[in-house]
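J.: Starting off with a structure, shown below.
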Amino acid sequence: MRVIATAGHVDHGKSTLIRALTGMEPDRWAEERRRGLTIDLGFAWTRLPAGPVAFVDVPGHERFTANMLAGVGPVPAALFVVAADEGWMPQSTEHLAALHGLDVRHGLLVVTRSDLADPGPALAAARERLAATSLAGARSLAVSGATGAGLAELRAGLDAVARALPGPDPAADVRLWVDRSFTVRGAGTVVTGTLGAGTIRVGDELEVGGARVPVRGLQALGEPVDLVRGVARVAVNLRGVERDRVGRGDALLTPGAWVGTREVDVRLSASVEGVPTRLVLHVGSAAVPVHVRPLGPDTARVVLARSLPLRAGDRGLLRDPGRHRITAGVLALDVRPPALARRGAARRRGADLAG
């Protein structure tokens, strides 16, 4: 299975495209369908020649950016959407900054509503924006979800993206970031997320919140399965866990393989100069308030309000929710950093991290 997230400004046709591609309704809430506005994450899937592809459909309104980041955080590819009749908009900029900060390199640029306006100007402007980001090489095309024009080309483009995605390690330690938690009568607590790597089997024990929990059942693409290998959308039925004990931002982990940290030294995708000290760190589906302490021109120590299971090489985002903007992408360099107790320790640490 391959997993692709949508991205783009509100009301530019992301959910319409997913409906046209899959025949499924990604908006789960009645309010979303009534208002025609995606509020939370939606999920749908289809089959392409390369195999099954699942979509995480994200909201485009600035009020729901935290929900959007929970959806794209664990996903390796993006379907970036811009409307022909409106062109580039504010949330286009923030969503692109998020994908660039997470170093998402696989995706498609799609100009929608080509039946309402000439898609050429919007395509040209969007290509220029993407040219300076990790999605610089993304193929671009124009479609209309209303008339179906360009959908065959879109499916072919998505198939090419799916084939180009690197294969994950099925033996990797499991870290499933939870993006949804609910209760099913007769089954108990179920959580969903995007499994980036590793394998989960029915009967396995996983760890969440410091406790071990058995996997009672698994579903992928709406069907019960005995095992799931990343990358995949998966629903996990947990035995003996109350619904209020696990939710968005938690992670199901291979027991004993992960240790939580509340301090991490990072490299920023932008200069540390001018970065506020109080921000929110988005990693996976988690969003945690942090304090940022500069160490060097592009390095900093990030102190988290709560512990997260992180490793060197993890990517995340620092966001200023008050200003509605992504401040920087971050690359974790050291999740067990030394104390900065002596005078000049921060400067010396910055010099060490520069290499």
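Letters A, B, ... mark the chains of the structure tokens in the order given; residue numbers begin at 1 per chain; ligand numbers begin at 1, in order shown.
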Could you name the residues that touch A:Val246 at 8 Å or less, counting only C-alpha atoms, but leaving out those on the same chain fewer than 5 positions away, as a ChimeraX atom specification?

T.: /A:181,191,208-209,241

J.: For all heavy atoms, I'd like the residues from the last selection saved as a PDB file, in the first residue's frame.

T.:
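After the write, result_16.pdb holds the following:
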```
ATOM      1  N   SER A 181      -9.073   8.078  17.497  1.00  0.00           N
ATOM      2  CA  SER A 181      -9.353   7.060  18.509  1.00  0.00           C
ATOM      3  C   SER A 181     -10.859   7.036  18.753  1.00  0.00           C
ATOM      4  O   SER A 181     -11.495   8.079  18.897  1.00  0.00           O
ATOM      5  CB  SER A 181      -8.610   7.395  19.807  1.00  0.00           C
ATOM      6  OG  SER A 181      -8.979   6.516  20.845  1.00  0.00           O
ATOM      7  N   VAL A 191      -7.832   2.535  17.273  1.00  0.00           N
ATOM      8  CA  VAL A 191      -7.069   3.716  16.880  1.00  0.00           C
ATOM      9  C   VAL A 191      -6.661   3.554  15.415  1.00  0.00           C
ATOM     10  O   VAL A 191      -6.520   2.434  14.915  1.00  0.00           O
ATOM     11  CB  VAL A 191      -5.827   3.939  17.758  1.00  0.00           C
ATOM     12  CG1 VAL A 191      -6.217   4.104  19.218  1.00  0.00           C
ATOM     13  CG2 VAL A 191      -4.820   2.804  17.604  1.00  0.00           C
ATOM     14  N   VAL A 208       1.867   1.810  24.691  1.00  0.00           N
ATOM     15  CA  VAL A 208       1.315   3.162  24.563  1.00  0.00           C
ATOM     16  C   VAL A 208       1.184   3.747  25.965  1.00  0.00           C
ATOM     17  O   VAL A 208       0.684   3.099  26.883  1.00  0.00           O
ATOM     18  CB  VAL A 208      -0.044   3.163  23.835  1.00  0.00           C
ATOM     19  CG1 VAL A 208      -1.090   2.343  24.562  1.00  0.00           C
ATOM     20  CG2 VAL A 208      -0.540   4.582  23.597  1.00  0.00           C
ATOM     21  N   GLY A 209       1.698   4.949  26.143  1.00  0.00           N
ATOM     22  CA  GLY A 209       1.627   5.599  27.449  1.00  0.00           C
ATOM     23  C   GLY A 209       2.323   4.833  28.544  1.00  0.00           C
ATOM     24  O   GLY A 209       1.924   4.894  29.712  1.00  0.00           O
ATOM     25  N   VAL A 241      -7.837  -1.366  26.774  1.00  0.00           N
ATOM     26  CA  VAL A 241      -7.459   0.046  26.823  1.00  0.00           C
ATOM     27  C   VAL A 241      -8.714   0.896  26.724  1.00  0.00           C
ATOM     28  O   VAL A 241      -9.495   0.757  25.780  1.00  0.00           O
ATOM     29  CB  VAL A 241      -6.504   0.415  25.661  1.00  0.00           C
ATOM     30  CG1 VAL A 241      -6.113   1.888  25.743  1.00  0.00           C
ATOM     31  CG2 VAL A 241      -5.271  -0.463  25.681  1.00  0.00           C
TER      32      VAL A 241
END
```

J.: Using DSSP assignments from the backbone, pull out every residue in stretch 92-229 of chain A that falls under strand (DSSP E) and give it to me as a ChimeraX atom specification.

T.: /A:106-112,139-142,175-184,188-195,199-201,205-208,211-220,223-225,227-229

J.: Which distance in Å separates atom CA of A:Thr199 and atom CA of A:Val228, to one decimal?

T.: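 These two atoms are separated by 5.6 Å.
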
J.: Give me, as a tab-separated table, each residue of stretch 59-92 of chain A that comes within 12 Å of stretch 271-289 of chain A, together with its shortest interatomic pair and the distance in Å at one decimal, counting only C-alpha atoms, with rows ordered by chain and rising residue number.

T.:
```
residue	atom	partner	partner_atom	distance
A:Thr65	CA	A:His282	CA	10.9
A:Ala66	CA	A:Ala287	CA	7.5
A:Asn67	CA	A:Ser285	CA	8.4
A:Met68	CA	A:Ser285	CA	9.3
A:Leu69	CA	A:Ser285	CA	7.0
A:Ala70	CA	A:Ser285	CA	3.9
A:Gly71	CA	A:Ser285	CA	6.6
A:Val72	CA	A:Gly284	CA	7.8
A:Gly73	CA	A:Gly284	CA	4.4
A:Pro74	CA	A:Gly284	CA	5.0
A:Val75	CA	A:Gly284	CA	8.6
A:Pro76	CA	A:Gly284	CA	11.4
```

J.: Find, counting only C-alpha atoms, the residue in A:Asp103, A:Glu207, A:Asp226, A:Glu128 that gets nearest to A:Val259.

T.: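 Closest residue, counting only C-alpha atoms: A:Glu207.
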
J.: Pick out the residues sitting within 9 Å of A:Ala50, and hand them over as a ChimeraX atom specification; count only C-alpha atoms, and ignore anything fewer than 4 positions along from it in its own chain.

T.: /A:1-2,159-160,162-163

J.: Might you pull out every residue within 12 Å of A:Gln91, with only C-alpha atoms counted and same-chain residues fewer than 4 positions away left off, and present them as a PyMOL selection string?

T.: chain A and resi 7-12+58-65+68+80-82+87+95-98+324-326

J.: Would you kindly return, as a list of chain:residue names, each protein, DNA or RNA residue with an atom no farther than 12 Å from any atom of stretch 345-354 of chain A, considering only C-alpha atoms and excluding same-chain residues fewer than 6 positions away?

T.: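 The neighbour list is A:Asp265, A:Val266, A:Arg267, A:Leu268, A:Val272, A:Arg293, A:Pro294, A:Leu295, A:Gly296, A:Pro297, A:Asp298, A:Thr299, A:Ala300, A:Arg301, A:Leu331, A:Ala332, A:Leu333, A:Asp334, A:Pro337, A:Pro338, A:Ala339.
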
J.: Go through A:Gly355, A:Gly42, A:Gly13, A:Gly193 and flag the residue nearest A:Ala83, using only C-alpha atoms for the distances.

T.: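 Closest candidate: A:Gly13.
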
J.: Could you produce a table of the residues of stretch 202-249 of chain A lying within 12 Å of stretch 172-177 of chain A, with the nearest pair of atoms per residue and their separation in Å rounded to one decimal, using only C-alpha atoms, ordered by chain and increasing residue number, as JSON lines?

T.:
```
{"residue": "A:Asp204", "atom": "CA", "partner": "A:Val174", "partner_atom": "CA", "distance": 11.1}
{"residue": "A:Glu205", "atom": "CA", "partner": "A:Val174", "partner_atom": "CA", "distance": 10.9}
{"residue": "A:Leu206", "atom": "CA", "partner": "A:Val174", "partner_atom": "CA", "distance": 8.4}
{"residue": "A:Glu207", "atom": "CA", "partner": "A:Arg175", "partner_atom": "CA", "distance": 9.5}
{"residue": "A:Val208", "atom": "CA", "partner": "A:Arg175", "partner_atom": "CA", "distance": 9.9}
{"residue": "A:Val228", "atom": "CA", "partner": "A:Val174", "partner_atom": "CA", "distance": 11.0}
{"residue": "A:Arg229", "atom": "CA", "partner": "A:Val174", "partner_atom": "CA", "distance": 9.7}
{"residue": "A:Gly230", "atom": "CA", "partner": "A:Val174", "partner_atom": "CA", "distance": 9.0}
{"residue": "A:Val231", "atom": "CA", "partner": "A:Leu176", "partner_atom": "CA", "distance": 10.4}
{"residue": "A:Ala232", "atom": "CA", "partner": "A:Leu176", "partner_atom": "CA", "distance": 10.2}
{"residue": "A:Arg233", "atom": "CA", "partner": "A:Leu176", "partner_atom": "CA", "distance": 9.8}
{"residue": "A:Val234", "atom": "CA", "partner": "A:Leu176", "partner_atom": "CA", "distance": 9.1}
{"residue": "A:Ala235", "atom": "CA", "partner": "A:Leu176", "partner_atom": "CA", "distance": 10.3}
{"residue": "A:Val236", "atom": "CA", "partner": "A:Leu176", "partner_atom": "CA", "distance": 9.9}
{"residue": "A:Val246", "atom": "CA", "partner": "A:Trp177", "partner_atom": "CA", "distance": 10.7}
{"residue": "A:Gly247", "atom": "CA", "partner": "A:Trp177", "partner_atom": "CA", "distance": 9.4}
{"residue": "A:Arg248", "atom": "CA", "partner": "A:Trp177", "partner_atom": "CA", "distance": 7.6}
{"residue": "A:Gly249", "atom": "CA", "partner": "A:Trp177", "partner_atom": "CA", "distance": 6.4}
```

J.: Can you pull out every residue from stretch 39-202 of chain A that DSSP, working from the backbone, puts in helix (DSSP H, G or I), and format the result as a short mmCIF file (atom, residue, chain, number, x, y, z; two decimals) with all heavy atoms, in the first residue's frame?

T.:
```
data_model
loop_
_atom_site.label_atom_id
_atom_site.label_comp_id
_atom_site.auth_asym_id
_atom_site.auth_seq_id
_atom_site.Cartn_x
_atom_site.Cartn_y
_atom_site.Cartn_z
N GLU A 62 -7.34 27.82 7.82
CA GLU A 62 -6.26 28.11 8.76
C GLU A 62 -6.62 27.73 10.19
O GLU A 62 -5.74 27.44 11.00
CB GLU A 62 -5.87 29.58 8.71
CG GLU A 62 -6.94 30.55 9.21
CD GLU A 62 -6.46 31.99 9.19
OE1 GLU A 62 -5.39 32.25 8.64
OE2 GLU A 62 -7.18 32.85 9.74
N ARG A 63 -7.92 27.70 10.52
CA ARG A 63 -8.31 27.33 11.89
C ARG A 63 -8.03 25.87 12.19
O ARG A 63 -8.01 25.46 13.36
CB ARG A 63 -9.81 27.62 12.10
CG ARG A 63 -10.15 29.08 12.27
CD ARG A 63 -11.61 29.24 12.62
NE ARG A 63 -12.48 28.79 11.54
CZ ARG A 63 -13.74 28.41 11.73
NH1 ARG A 63 -14.26 28.37 12.94
NH2 ARG A 63 -14.49 28.04 10.70
N PHE A 64 -7.85 25.06 11.14
CA PHE A 64 -7.68 23.62 11.34
C PHE A 64 -6.30 23.15 10.88
O PHE A 64 -6.12 21.99 10.52
CB PHE A 64 -8.79 22.86 10.61
CG PHE A 64 -10.17 23.38 10.93
CD1 PHE A 64 -10.97 23.92 9.94
CD2 PHE A 64 -10.65 23.34 12.23
CE1 PHE A 64 -12.23 24.41 10.23
CE2 PHE A 64 -11.91 23.83 12.54
CZ PHE A 64 -12.70 24.37 11.54
N THR A 65 -5.31 24.07 10.90
CA THR A 65 -3.97 23.70 10.45
C THR A 65 -3.37 22.60 11.31
O THR A 65 -2.66 21.72 10.81
CB THR A 65 -3.05 24.93 10.43
OG1 THR A 65 -3.58 25.90 9.51
CG2 THR A 65 -1.64 24.56 9.99
N ALA A 66 -3.65 22.62 12.61
CA ALA A 66 -3.11 21.56 13.47
C ALA A 66 -3.62 20.19 13.03
O ALA A 66 -2.87 19.20 13.06
CB ALA A 66 -3.49 21.82 14.93
N ASN A 67 -4.89 20.12 12.62
CA ASN A 67 -5.42 18.86 12.10
C ASN A 67 -4.71 18.47 10.81
O ASN A 67 -4.39 17.30 10.58
CB ASN A 67 -6.92 18.98 11.84
CG ASN A 67 -7.73 19.10 13.12
OD1 ASN A 67 -7.21 18.86 14.21
ND2 ASN A 67 -8.98 19.49 12.99
N MET A 68 -4.48 19.46 9.94
CA MET A 68 -3.78 19.19 8.68
C MET A 68 -2.39 18.60 8.95
O MET A 68 -1.99 17.61 8.35
CB MET A 68 -3.66 20.48 7.86
CG MET A 68 -2.89 20.35 6.56
SD MET A 68 -1.13 20.75 6.76
CE MET A 68 -0.53 20.48 5.10
N LEU A 69 -1.67 19.20 9.90
CA LEU A 69 -0.30 18.74 10.17
C LEU A 69 -0.30 17.34 10.79
O LEU A 69 0.64 16.57 10.56
CB LEU A 69 0.40 19.74 11.10
CG LEU A 69 0.62 21.13 10.50
CD1 LEU A 69 1.25 22.07 11.53
CD2 LEU A 69 1.48 21.07 9.24
N ALA A 70 -1.33 17.01 11.55
CA ALA A 70 -1.43 15.64 12.09
C ALA A 70 -1.59 14.62 10.98
O ALA A 70 -1.17 13.48 11.10
CB ALA A 70 -2.60 15.55 13.07
N GLY A 71 -2.21 15.05 9.87
CA GLY A 71 -2.41 14.13 8.75
C GLY A 71 -1.20 13.96 7.88
O GLY A 71 -0.88 12.85 7.44
N VAL A 72 -0.47 15.07 7.60
CA VAL A 72 0.67 14.98 6.68
C VAL A 72 1.94 14.53 7.38
O VAL A 72 2.87 14.05 6.73
CB VAL A 72 0.92 16.32 5.95
CG1 VAL A 72 -0.30 16.76 5.18
CG2 VAL A 72 1.39 17.40 6.92
N PRO A 90 -3.35 32.04 0.79
CA PRO A 90 -2.55 31.97 2.03
C PRO A 90 -2.27 30.57 2.54
O PRO A 90 -1.14 30.25 2.92
CB PRO A 90 -3.39 32.79 3.01
CG PRO A 90 -4.09 33.78 2.17
CD PRO A 90 -4.41 33.05 0.89
N GLN A 91 -3.28 29.69 2.57
CA GLN A 91 -3.03 28.35 3.09
C GLN A 91 -2.23 27.50 2.11
O GLN A 91 -1.62 26.51 2.51
CB GLN A 91 -4.32 27.66 3.48
CG GLN A 91 -4.97 28.25 4.72
CD GLN A 91 -4.00 28.39 5.87
OE1 GLN A 91 -3.61 29.52 6.20
NE2 GLN A 91 -3.59 27.31 6.48
N SER A 92 -2.21 27.88 0.84
CA SER A 92 -1.29 27.23 -0.10
C SER A 92 0.14 27.42 0.40
O SER A 92 0.94 26.48 0.42
CB SER A 92 -1.43 27.82 -1.51
OG SER A 92 -2.75 27.83 -1.95
N THR A 93 0.44 28.64 0.82
CA THR A 93 1.79 28.96 1.31
C THR A 93 2.12 28.17 2.56
O THR A 93 3.21 27.58 2.68
CB THR A 93 1.91 30.46 1.58
OG1 THR A 93 1.72 31.18 0.36
CG2 THR A 93 3.27 30.81 2.17
N GLU A 94 1.19 28.13 3.55
CA GLU A 94 1.49 27.43 4.80
C GLU A 94 1.60 25.93 4.58
O GLU A 94 2.48 25.27 5.14
CB GLU A 94 0.43 27.73 5.85
CG GLU A 94 0.79 27.13 7.21
CD GLU A 94 -0.05 27.63 8.35
OE1 GLU A 94 -1.19 28.05 8.12
OE2 GLU A 94 0.43 27.57 9.50
N HIS A 95 0.72 25.37 3.74
CA HIS A 95 0.80 23.93 3.49
C HIS A 95 2.09 23.56 2.76
O HIS A 95 2.71 22.53 3.06
CB HIS A 95 -0.42 23.47 2.68
CG HIS A 95 -1.67 23.39 3.49
ND1 HIS A 95 -2.74 22.61 3.13
CD2 HIS A 95 -2.02 23.99 4.66
CE1 HIS A 95 -3.70 22.74 4.04
NE2 HIS A 95 -3.29 23.58 4.96
N LEU A 96 2.52 24.39 1.82
CA LEU A 96 3.77 24.11 1.12
C LEU A 96 4.95 24.23 2.09
O LEU A 96 5.89 23.42 2.03
CB LEU A 96 3.95 25.06 -0.06
CG LEU A 96 5.22 24.85 -0.88
CD1 LEU A 96 5.30 23.43 -1.43
CD2 LEU A 96 5.31 25.87 -2.02
N ALA A 97 4.91 25.22 2.98
CA ALA A 97 5.97 25.36 3.98
C ALA A 97 6.05 24.12 4.86
O ALA A 97 7.14 23.67 5.23
CB ALA A 97 5.74 26.60 4.82
N ALA A 98 4.90 23.55 5.19
CA ALA A 98 4.88 22.34 6.01
C ALA A 98 5.50 21.17 5.27
O ALA A 98 6.34 20.44 5.81
CB ALA A 98 3.45 22.01 6.43
N LEU A 99 5.11 20.97 4.03
CA LEU A 99 5.65 19.84 3.25
C LEU A 99 7.15 20.01 3.03
O LEU A 99 7.91 19.03 3.11
CB LEU A 99 4.93 19.75 1.91
CG LEU A 99 3.43 19.41 2.00
CD1 LEU A 99 2.78 19.54 0.63
CD2 LEU A 99 3.21 18.01 2.56
N HIS A 100 7.59 21.24 2.77
CA HIS A 100 9.02 21.49 2.58
C HIS A 100 9.78 21.26 3.88
O HIS A 100 10.85 20.65 3.90
CB HIS A 100 9.22 22.91 2.09
CG HIS A 100 10.67 23.30 1.91
ND1 HIS A 100 11.50 22.63 1.04
CD2 HIS A 100 11.43 24.26 2.50
CE1 HIS A 100 12.72 23.17 1.09
NE2 HIS A 100 12.69 24.14 1.97
N GLY A 101 9.20 21.72 5.00
CA GLY A 101 9.86 21.52 6.29
C GLY A 101 9.98 20.05 6.66
O GLY A 101 10.93 19.65 7.33
N GLY A 120 -3.81 27.63 -16.93
CA GLY A 120 -2.43 27.98 -17.23
C GLY A 120 -1.78 28.92 -16.24
O GLY A 120 -0.69 28.64 -15.72
N PRO A 121 -2.39 30.08 -15.92
CA PRO A 121 -1.77 31.01 -14.97
C PRO A 121 -1.56 30.40 -13.58
O PRO A 121 -0.51 30.61 -12.96
CB PRO A 121 -2.75 32.18 -14.93
CG PRO A 121 -3.45 32.13 -16.25
CD PRO A 121 -3.57 30.68 -16.57
N ALA A 122 -2.54 29.66 -13.09
CA ALA A 122 -2.40 29.04 -11.77
C ALA A 122 -1.30 27.99 -11.77
O ALA A 122 -0.53 27.86 -10.81
CB ALA A 122 -3.73 28.43 -11.33
N LEU A 123 -1.22 27.20 -12.86
CA LEU A 123 -0.15 26.20 -12.97
C LEU A 123 1.22 26.86 -12.95
O LEU A 123 2.13 26.42 -12.24
CB LEU A 123 -0.31 25.39 -14.26
CG LEU A 123 -1.17 24.13 -14.21
CD1 LEU A 123 -1.37 23.59 -15.62
CD2 LEU A 123 -0.53 23.07 -13.32
N ALA A 124 1.39 27.93 -13.73
CA ALA A 124 2.68 28.60 -13.82
C ALA A 124 3.08 29.19 -12.48
O ALA A 124 4.24 29.05 -12.04
CB ALA A 124 2.62 29.69 -14.89
N ALA A 125 2.13 29.85 -11.80
CA ALA A 125 2.44 30.46 -10.51
C ALA A 125 2.77 29.39 -9.46
O ALA A 125 3.71 29.56 -8.66
CB ALA A 125 1.26 31.30 -10.04
N ALA A 126 2.03 28.29 -9.46
CA ALA A 126 2.28 27.24 -8.48
C ALA A 126 3.61 26.54 -8.74
O ALA A 126 4.35 26.22 -7.81
CB ALA A 126 1.14 26.23 -8.49
N ARG A 127 3.93 26.29 -10.02
CA ARG A 127 5.23 25.68 -10.34
C ARG A 127 6.37 26.56 -9.81
O ARG A 127 7.37 26.04 -9.29
CB ARG A 127 5.37 25.51 -11.84
CG ARG A 127 4.56 24.37 -12.45
CD ARG A 127 5.01 24.12 -13.87
NE ARG A 127 4.06 23.30 -14.62
CZ ARG A 127 3.31 23.74 -15.61
NH1 ARG A 127 3.37 25.00 -15.99
NH2 ARG A 127 2.48 22.92 -16.23
N GLU A 128 6.22 27.87 -9.95
CA GLU A 128 7.27 28.78 -9.48
C GLU A 128 7.43 28.68 -7.97
O GLU A 128 8.55 28.71 -7.45
CB GLU A 128 6.91 30.21 -9.89
CG GLU A 128 7.99 31.23 -9.55
CD GLU A 128 7.66 32.61 -10.04
OE1 GLU A 128 6.67 32.77 -10.79
OE2 GLU A 128 8.39 33.56 -9.67
N ARG A 129 6.32 28.55 -7.26
CA ARG A 129 6.38 28.42 -5.79
C ARG A 129 7.06 27.12 -5.39
O ARG A 129 7.89 27.09 -4.48
CB ARG A 129 4.96 28.45 -5.23
CG ARG A 129 4.22 29.75 -5.48
CD ARG A 129 4.51 30.78 -4.42
NE ARG A 129 3.63 31.94 -4.54
CZ ARG A 129 3.43 32.80 -3.57
NH1 ARG A 129 4.02 32.63 -2.39
NH2 ARG A 129 2.64 33.84 -3.75
N LEU A 130 6.71 26.01 -6.07
CA LEU A 130 7.26 24.71 -5.71
C LEU A 130 8.73 24.59 -6.09
O LEU A 130 9.45 23.77 -5.50
CB LEU A 130 6.47 23.59 -6.38
CG LEU A 130 5.33 22.96 -5.56
CD1 LEU A 130 4.25 23.99 -5.24
CD2 LEU A 130 4.73 21.76 -6.27
N LEU A 151 -8.89 13.42 -15.15
CA LEU A 151 -8.81 12.43 -14.08
C LEU A 151 -8.00 11.20 -14.49
O LEU A 151 -7.30 10.61 -13.65
CB LEU A 151 -10.21 12.01 -13.63
CG LEU A 151 -10.97 13.03 -12.77
CD1 LEU A 151 -12.34 12.50 -12.41
CD2 LEU A 151 -10.18 13.38 -11.52
N ALA A 152 -8.08 10.80 -15.76
CA ALA A 152 -7.27 9.66 -16.21
C ALA A 152 -5.79 9.99 -16.09
O ALA A 152 -4.98 9.15 -15.65
CB ALA A 152 -7.62 9.32 -17.65
N GLU A 153 -5.41 11.22 -16.47
CA GLU A 153 -4.01 11.64 -16.34
C GLU A 153 -3.61 11.73 -14.87
O GLU A 153 -2.47 11.41 -14.51
CB GLU A 153 -3.80 13.00 -17.02
CG GLU A 153 -3.93 12.97 -18.54
CD GLU A 153 -5.39 13.00 -19.01
OE1 GLU A 153 -6.31 13.06 -18.16
OE2 GLU A 153 -5.59 12.97 -20.24
N LEU A 154 -4.54 12.16 -14.03
CA LEU A 154 -4.25 12.22 -12.60
C LEU A 154 -4.00 10.84 -12.03
O LEU A 154 -3.05 10.64 -11.25
CB LEU A 154 -5.41 12.90 -11.86
CG LEU A 154 -5.31 12.94 -10.34
CD1 LEU A 154 -4.02 13.62 -9.88
CD2 LEU A 154 -6.52 13.65 -9.74
N ARG A 155 -4.82 9.87 -12.39
CA ARG A 155 -4.61 8.50 -11.90
C ARG A 155 -3.26 7.97 -12.37
O ARG A 155 -2.54 7.31 -11.61
CB ARG A 155 -5.74 7.58 -12.37
CG ARG A 155 -7.07 7.86 -11.70
CD ARG A 155 -8.15 6.91 -12.18
NE ARG A 155 -7.90 5.53 -11.76
CZ ARG A 155 -8.27 5.02 -10.60
NH1 ARG A 155 -8.93 5.76 -9.73
NH2 ARG A 155 -8.01 3.76 -10.30
N ALA A 156 -2.89 8.27 -13.62
CA ALA A 156 -1.58 7.83 -14.13
C ALA A 156 -0.45 8.51 -13.36
O ALA A 156 0.58 7.89 -13.04
CB ALA A 156 -1.47 8.14 -15.62
N GLY A 157 -0.63 9.80 -13.06
CA GLY A 157 0.39 10.51 -12.29
C GLY A 157 0.52 9.97 -10.88
O GLY A 157 1.64 9.83 -10.36
N LEU A 158 -0.60 9.66 -10.23
CA LEU A 158 -0.55 9.08 -8.89
C LEU A 158 0.10 7.70 -8.91
O LEU A 158 0.84 7.34 -7.99
CB LEU A 158 -1.97 8.99 -8.32
CG LEU A 158 -2.62 10.31 -7.93
CD1 LEU A 158 -4.10 10.10 -7.66
CD2 LEU A 158 -1.93 10.91 -6.71
N ASP A 159 -0.16 6.95 -9.95
CA ASP A 159 0.46 5.63 -10.09
C ASP A 159 1.98 5.77 -10.18
O ASP A 159 2.73 5.00 -9.56
CB ASP A 159 -0.08 4.93 -11.33
CG ASP A 159 0.36 3.47 -11.41
OD1 ASP A 159 -0.10 2.67 -10.58
OD2 ASP A 159 1.19 3.15 -12.28
N ALA A 160 2.45 6.78 -10.93
CA ALA A 160 3.89 7.02 -11.05
C ALA A 160 4.48 7.42 -9.70
O ALA A 160 5.59 6.98 -9.34
CB ALA A 160 4.16 8.09 -12.10
N VAL A 161 3.77 8.26 -8.95
CA VAL A 161 4.24 8.64 -7.62
C VAL A 161 4.32 7.42 -6.72
O VAL A 161 5.31 7.22 -5.99
CB VAL A 161 3.31 9.72 -7.00
CG1 VAL A 161 3.64 9.93 -5.53
CG2 VAL A 161 3.44 11.04 -7.75
N ALA A 162 3.30 6.58 -6.75
CA ALA A 162 3.28 5.38 -5.90
C ALA A 162 4.45 4.47 -6.22
O ALA A 162 5.09 3.91 -5.32
CB ALA A 162 1.96 4.64 -6.09
N ARG A 163 4.76 4.31 -7.50
CA ARG A 163 5.87 3.44 -7.88
C ARG A 163 7.23 4.02 -7.48
O ARG A 163 8.19 3.27 -7.25
CB ARG A 163 5.85 3.21 -9.39
CG ARG A 163 4.66 2.39 -9.88
CD ARG A 163 4.67 2.21 -11.38
NE ARG A 163 3.44 1.59 -11.86
CZ ARG A 163 3.22 0.28 -11.88
NH1 ARG A 163 4.16 -0.54 -11.45
NH2 ARG A 163 2.07 -0.20 -12.34
N ALA A 164 7.32 5.34 -7.38
CA ALA A 164 8.60 5.98 -7.07
C ALA A 164 8.91 6.03 -5.58
O ALA A 164 10.05 6.28 -5.19
CB ALA A 164 8.61 7.41 -7.63
#
```

J.: Please identify all polymer residues within 7 Å of A:Leu135, counting only C-alpha atoms, omitting same-chain residues fewer than 2 positions from it, and present them as JSON, numbers by chain.

T.: {"A": [104, 105, 106, 107, 130, 133, 137, 138]}

J.: Restricting the calculation to only C-alpha atoms, which member of A:Val335, A:Val110, A:Ala77, A:Val213 is positioned closest to A:Leu165?

T.: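 Between A:Val335, A:Val110, A:Ala77, A:Val213, the residue approaching A:Leu165 most closely is A:Ala77.
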